[in-house]
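*Asks:* Have a look at the structure that comes next, please.
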Amino acid sequence: MAFTADDFEIDHFGVILHIKVLEMQERTVFRIIFSDFQDDLFITRATLSDGKRYWMTVPEDPKRQTQAIEIGREIVAYFKVQKNV
Amino acid sequence: MCNYNRQKVLKTEYVTLKDIEKDIKKYKLDQAKPINNGFDYAPIFVIKPNYSKNDYDIVEMEWGYLPNYVSDRDRAKEFRNGYKKPDGSYQQGITTLNARGEELLSIDPKTGREKMFRDAALNRRCLVLSTGFFDWRHVYRRNKKTGEPLKTADKYPYFVSLKDQEYFFMAGVWNPWTDRKSGEHIETVTIVTTEANKLMSQVHNAKNRMPTILDSNLAWEWITGDLSEQRITEIATTQYDTEKMQACTIMQDFRTSEEPTIPFIYPEMPPLDQTIANETPPAQLSLF
């Protein structure tokens, strides 16, 4: 999936997430800025050793991995909707 | 095979993710607030070598070195700000935002006590990333009747930066510190200073000091080299070339400005001496 959008916002369980799209090391990295004072989160899609794609927090933060996966799914859903608009 | 976030990834993927981590830290640096006021004791960006000294990490450290004998946050506040002792006398606070390069490794010949920064200078050298720094020039107006200089100086703020270089390195030494009450663990850092060069002796004329700015070769040697005490002191007292620096006056209320580095001209302000010793023709100081 090629992400080319500018900043956008999504509603994540009632919390507005402002999302910045960054390019780093030829990868798309998302900076998630929360409206409820949680620390910013940086996520990207990594490839596991078995070839599966997996949302990762960068730097590593296993405590926020679940959150990264949830928000990653919503980002994918956002782009699917945008594609069909 | 490596692990990242407890997931198995190939080494190439692991390296890419680690490189992205570094890019994110650089990105955060770009986004950081324009001014770090030392007396806020806020985090600043610091480059420190990894364990094997073949690579580096960009980390945030609390600006204001805390020695390990400071036991907890309450004592840290007293250490920095001073406090009233039980006998009613006042213990002055100790400012550790800066460390004099000439004295980093000093040992008191009478007591044999080492300077606070000695162990860090020998074992934990780092670089503080900066885009520029602020200093005050003290100007003493003259009494209109007597012609004598007034006792109180007018202070004019300057923004000092390097020509053609967005970021630069200042020598630092750091210390890991743990609050023994709360368990909070942080890293604290001090910026090494040296005698002012010709430009900085005019800008920071009250103290005649400047940060020890290192070019990329010296910066790498500072954090990764297995250095003798003599070499540590040599690098710590490096005086960056005047002709590679620039300084401009800025607004008095720059601390609260969103763009604190915008030049501001004070008509009454005597100009800086722009001539560089042994240089012809004299370099023109940029006023942006």
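Labels for the structure tokens follow display order: chains A, B, ..., residues from 1 in each chain, ligands from 1.
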When you get a sec, could you note down which chain B residues fall within 9 Å of chain A, using only C-alpha atoms, as JSON, numbers by chain?
*Replies:* {"B": [1, 2, 4, 5, 6, 7, 8, 9, 10, 13, 16, 17, 18, 19, 20, 21, 22, 23, 24]}
*Asks:* How would the residues just picked look written out with N, CA and C atoms as a short mmCIF file (atom, residue, chain, number, x, y, z; two decimals), in the first residue's frame?
*Replies:*
```cif
data_model
loop_
_atom_site.label_atom_id
_atom_site.label_comp_id
_atom_site.auth_asym_id
_atom_site.auth_seq_id
_atom_site.Cartn_x
_atom_site.Cartn_y
_atom_site.Cartn_z
N MET B 1 18.56 -13.81 12.73
CA MET B 1 17.21 -13.44 13.21
C MET B 1 17.32 -12.54 14.44
N CYS B 2 16.44 -11.52 14.49
CA CYS B 2 16.46 -10.61 15.64
C CYS B 2 15.03 -10.46 16.18
N TYR B 4 12.19 -7.69 17.55
CA TYR B 4 11.80 -6.28 17.67
C TYR B 4 10.37 -6.27 18.17
N ASN B 5 10.15 -5.60 19.28
CA ASN B 5 8.83 -5.63 19.90
C ASN B 5 8.35 -7.08 20.12
N ARG B 6 9.28 -7.92 20.50
CA ARG B 6 9.01 -9.34 20.79
C ARG B 6 8.55 -10.12 19.57
N GLN B 7 8.78 -9.59 18.39
CA GLN B 7 8.45 -10.29 17.15
C GLN B 7 9.74 -10.63 16.42
N LYS B 8 9.75 -11.78 15.76
CA LYS B 8 10.96 -12.18 15.04
C LYS B 8 11.02 -11.47 13.69
N VAL B 9 12.12 -10.79 13.46
CA VAL B 9 12.32 -10.13 12.16
C VAL B 9 13.72 -10.48 11.65
N LEU B 10 13.89 -10.39 10.33
CA LEU B 10 15.21 -10.62 9.77
C LEU B 10 16.14 -9.48 10.17
N GLU B 13 15.66 -6.20 8.36
CA GLU B 13 14.49 -5.46 8.83
C GLU B 13 14.79 -4.79 10.17
N THR B 16 16.80 -1.71 9.59
CA THR B 16 15.95 -0.63 9.06
C THR B 16 15.14 0.01 10.19
N LEU B 17 14.55 -0.82 11.06
CA LEU B 17 13.76 -0.28 12.17
C LEU B 17 14.62 0.55 13.11
N LYS B 18 15.85 0.10 13.34
CA LYS B 18 16.76 0.87 14.20
C LYS B 18 17.12 2.21 13.53
N ASP B 19 17.30 2.18 12.20
CA ASP B 19 17.59 3.42 11.49
C ASP B 19 16.40 4.37 11.55
N ILE B 20 15.19 3.80 11.47
CA ILE B 20 13.99 4.64 11.61
C ILE B 20 13.94 5.26 13.00
N GLU B 21 14.34 4.50 14.02
CA GLU B 21 14.39 5.07 15.38
C GLU B 21 15.26 6.33 15.40
N LYS B 22 16.42 6.24 14.75
CA LYS B 22 17.32 7.41 14.72
C LYS B 22 16.67 8.57 13.96
N ASP B 23 16.01 8.24 12.85
CA ASP B 23 15.34 9.29 12.08
C ASP B 23 14.25 9.96 12.91
N ILE B 24 13.54 9.16 13.70
CA ILE B 24 12.47 9.72 14.55
C ILE B 24 13.06 10.67 15.58
#
```
*Asks:* Taking the DSSP secondary structure from the backbone, can you list the residues of range 7-93 of chain B that are strand (DSSP E or B), as a list in words?
*Replies:*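 Filtering range 7-93 of chain B to strand (DSSP E or B) leaves Gln7, Lys8, Val9, Pro43, Ile44, Phe45, Val46, Ile47, Lys48, Pro49, Tyr56, Asp57, Ile58, Val59, Glu60, Met61, Glu62, Trp63, Tyr83, Lys84, Tyr90 and Gln91 of chain B.
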*Asks:* What separation in Å, quoted to one decimal, exists between CA of Glu62 in chain B and CA of Thr96 in chain B?
*Replies:* 11.1 Å
*Asks:* Suppose you want the space between CA of Glu243 in chain B and CA of Thr193 in chain B; what is it in Å?
*Replies:*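 So the two atoms, CA of Glu243 in chain B and CA of Thr193 in chain B, lie 18.7 Å apart.
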*Asks:* Report, in Å with one decimal, the straight-line distance from CA of Gly93 in chain B to CA of Trp174 in chain B.
*Replies:*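 Straight-line distance from CA of Gly93 in chain B to CA of Trp174 in chain B works out to 19.5 Å.
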*Asks:* When distances are computed from only C-alpha atoms, which of A:Ile69, A:Asp39, A:Trp55, A:Ile75 shows the smallest separation from Glu9 in chain A?
*Replies:*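 Of the candidates, the smallest distance to Glu9 in chain A is held by A:Ile75.
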*Asks:* Please identify all polymer residues within 10 Å of Asp253 in chain B, counting only C-alpha atoms, omitting same-chain residues fewer than 4 positions from it, and present them as an MDAnalysis selection string.
*Replies:* chainID B and resid 157 257 260
*Asks:* According to DSSP computed on the backbone, where in range 61-148 of chain B is there alpha helix (DSSP H)? Give the residues as an NGL selection string.
*Replies:* :B and (73-81 or 118-123)
*Asks:* Please produce a file of the residues just selected, as a PDB file, in the first residue's frame, where the atoms kept are N, CA and C atoms.
*Replies:*
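Saved file out_31.pdb follows:
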```
ATOM      1  N   ARG B  73      14.818  13.613  44.473  1.00  0.00           N
ATOM      2  CA  ARG B  73      14.395  14.857  43.821  1.00  0.00           C
ATOM      3  C   ARG B  73      14.389  16.047  44.788  1.00  0.00           C
ATOM      4  N   ASP B  74      13.988  15.798  46.025  1.00  0.00           N
ATOM      5  CA  ASP B  74      13.976  16.899  46.993  1.00  0.00           C
ATOM      6  C   ASP B  74      15.395  17.419  47.222  1.00  0.00           C
ATOM      7  N   ARG B  75      16.332  16.472  47.348  1.00  0.00           N
ATOM      8  CA  ARG B  75      17.726  16.874  47.557  1.00  0.00           C
ATOM      9  C   ARG B  75      18.266  17.538  46.279  1.00  0.00           C
ATOM     10  N   ALA B  76      17.799  17.077  45.123  1.00  0.00           N
ATOM     11  CA  ALA B  76      18.247  17.670  43.853  1.00  0.00           C
ATOM     12  C   ALA B  76      17.818  19.136  43.774  1.00  0.00           C
ATOM     13  N   LYS B  77      16.608  19.398  44.247  1.00  0.00           N
ATOM     14  CA  LYS B  77      16.116  20.779  44.240  1.00  0.00           C
ATOM     15  C   LYS B  77      16.986  21.641  45.154  1.00  0.00           C
ATOM     16  N   GLU B  78      17.318  21.109  46.315  1.00  0.00           N
ATOM     17  CA  GLU B  78      18.188  21.846  47.246  1.00  0.00           C
ATOM     18  C   GLU B  78      19.584  22.019  46.659  1.00  0.00           C
ATOM     19  N   PHE B  79      20.078  20.968  46.037  1.00  0.00           N
ATOM     20  CA  PHE B  79      21.403  21.005  45.423  1.00  0.00           C
ATOM     21  C   PHE B  79      21.473  22.129  44.379  1.00  0.00           C
ATOM     22  N   ARG B  80      20.412  22.263  43.604  1.00  0.00           N
ATOM     23  CA  ARG B  80      20.426  23.242  42.522  1.00  0.00           C
ATOM     24  C   ARG B  80      20.066  24.656  42.981  1.00  0.00           C
ATOM     25  N   ASN B  81      19.128  24.760  43.901  1.00  0.00           N
ATOM     26  CA  ASN B  81      18.609  26.079  44.260  1.00  0.00           C
ATOM     27  C   ASN B  81      19.147  26.616  45.581  1.00  0.00           C
ATOM     28  N   ARG B 118      34.955  14.674  37.011  1.00  0.00           N
ATOM     29  CA  ARG B 118      36.142  13.930  36.561  1.00  0.00           C
ATOM     30  C   ARG B 118      35.785  12.537  36.021  1.00  0.00           C
ATOM     31  N   ASP B 119      35.038  11.777  36.801  1.00  0.00           N
ATOM     32  CA  ASP B 119      34.721  10.409  36.365  1.00  0.00           C
ATOM     33  C   ASP B 119      33.928  10.424  35.058  1.00  0.00           C
ATOM     34  N   ALA B 120      33.001  11.365  34.949  1.00  0.00           N
ATOM     35  CA  ALA B 120      32.198  11.457  33.721  1.00  0.00           C
ATOM     36  C   ALA B 120      33.079  11.853  32.535  1.00  0.00           C
ATOM     37  N   ALA B 121      34.009  12.776  32.778  1.00  0.00           N
ATOM     38  CA  ALA B 121      34.886  13.207  31.678  1.00  0.00           C
ATOM     39  C   ALA B 121      35.771  12.063  31.198  1.00  0.00           C
ATOM     40  N   LEU B 122      36.157  11.194  32.130  1.00  0.00           N
ATOM     41  CA  LEU B 122      36.995  10.045  31.753  1.00  0.00           C
ATOM     42  C   LEU B 122      36.172   8.948  31.078  1.00  0.00           C
ATOM     43  N   ASN B 123      34.922   8.792  31.493  1.00  0.00           N
ATOM     44  CA  ASN B 123      34.163   7.608  31.072  1.00  0.00           C
ATOM     45  C   ASN B 123      32.831   7.869  30.368  1.00  0.00           C
TER      46      ASN B 123
END
```
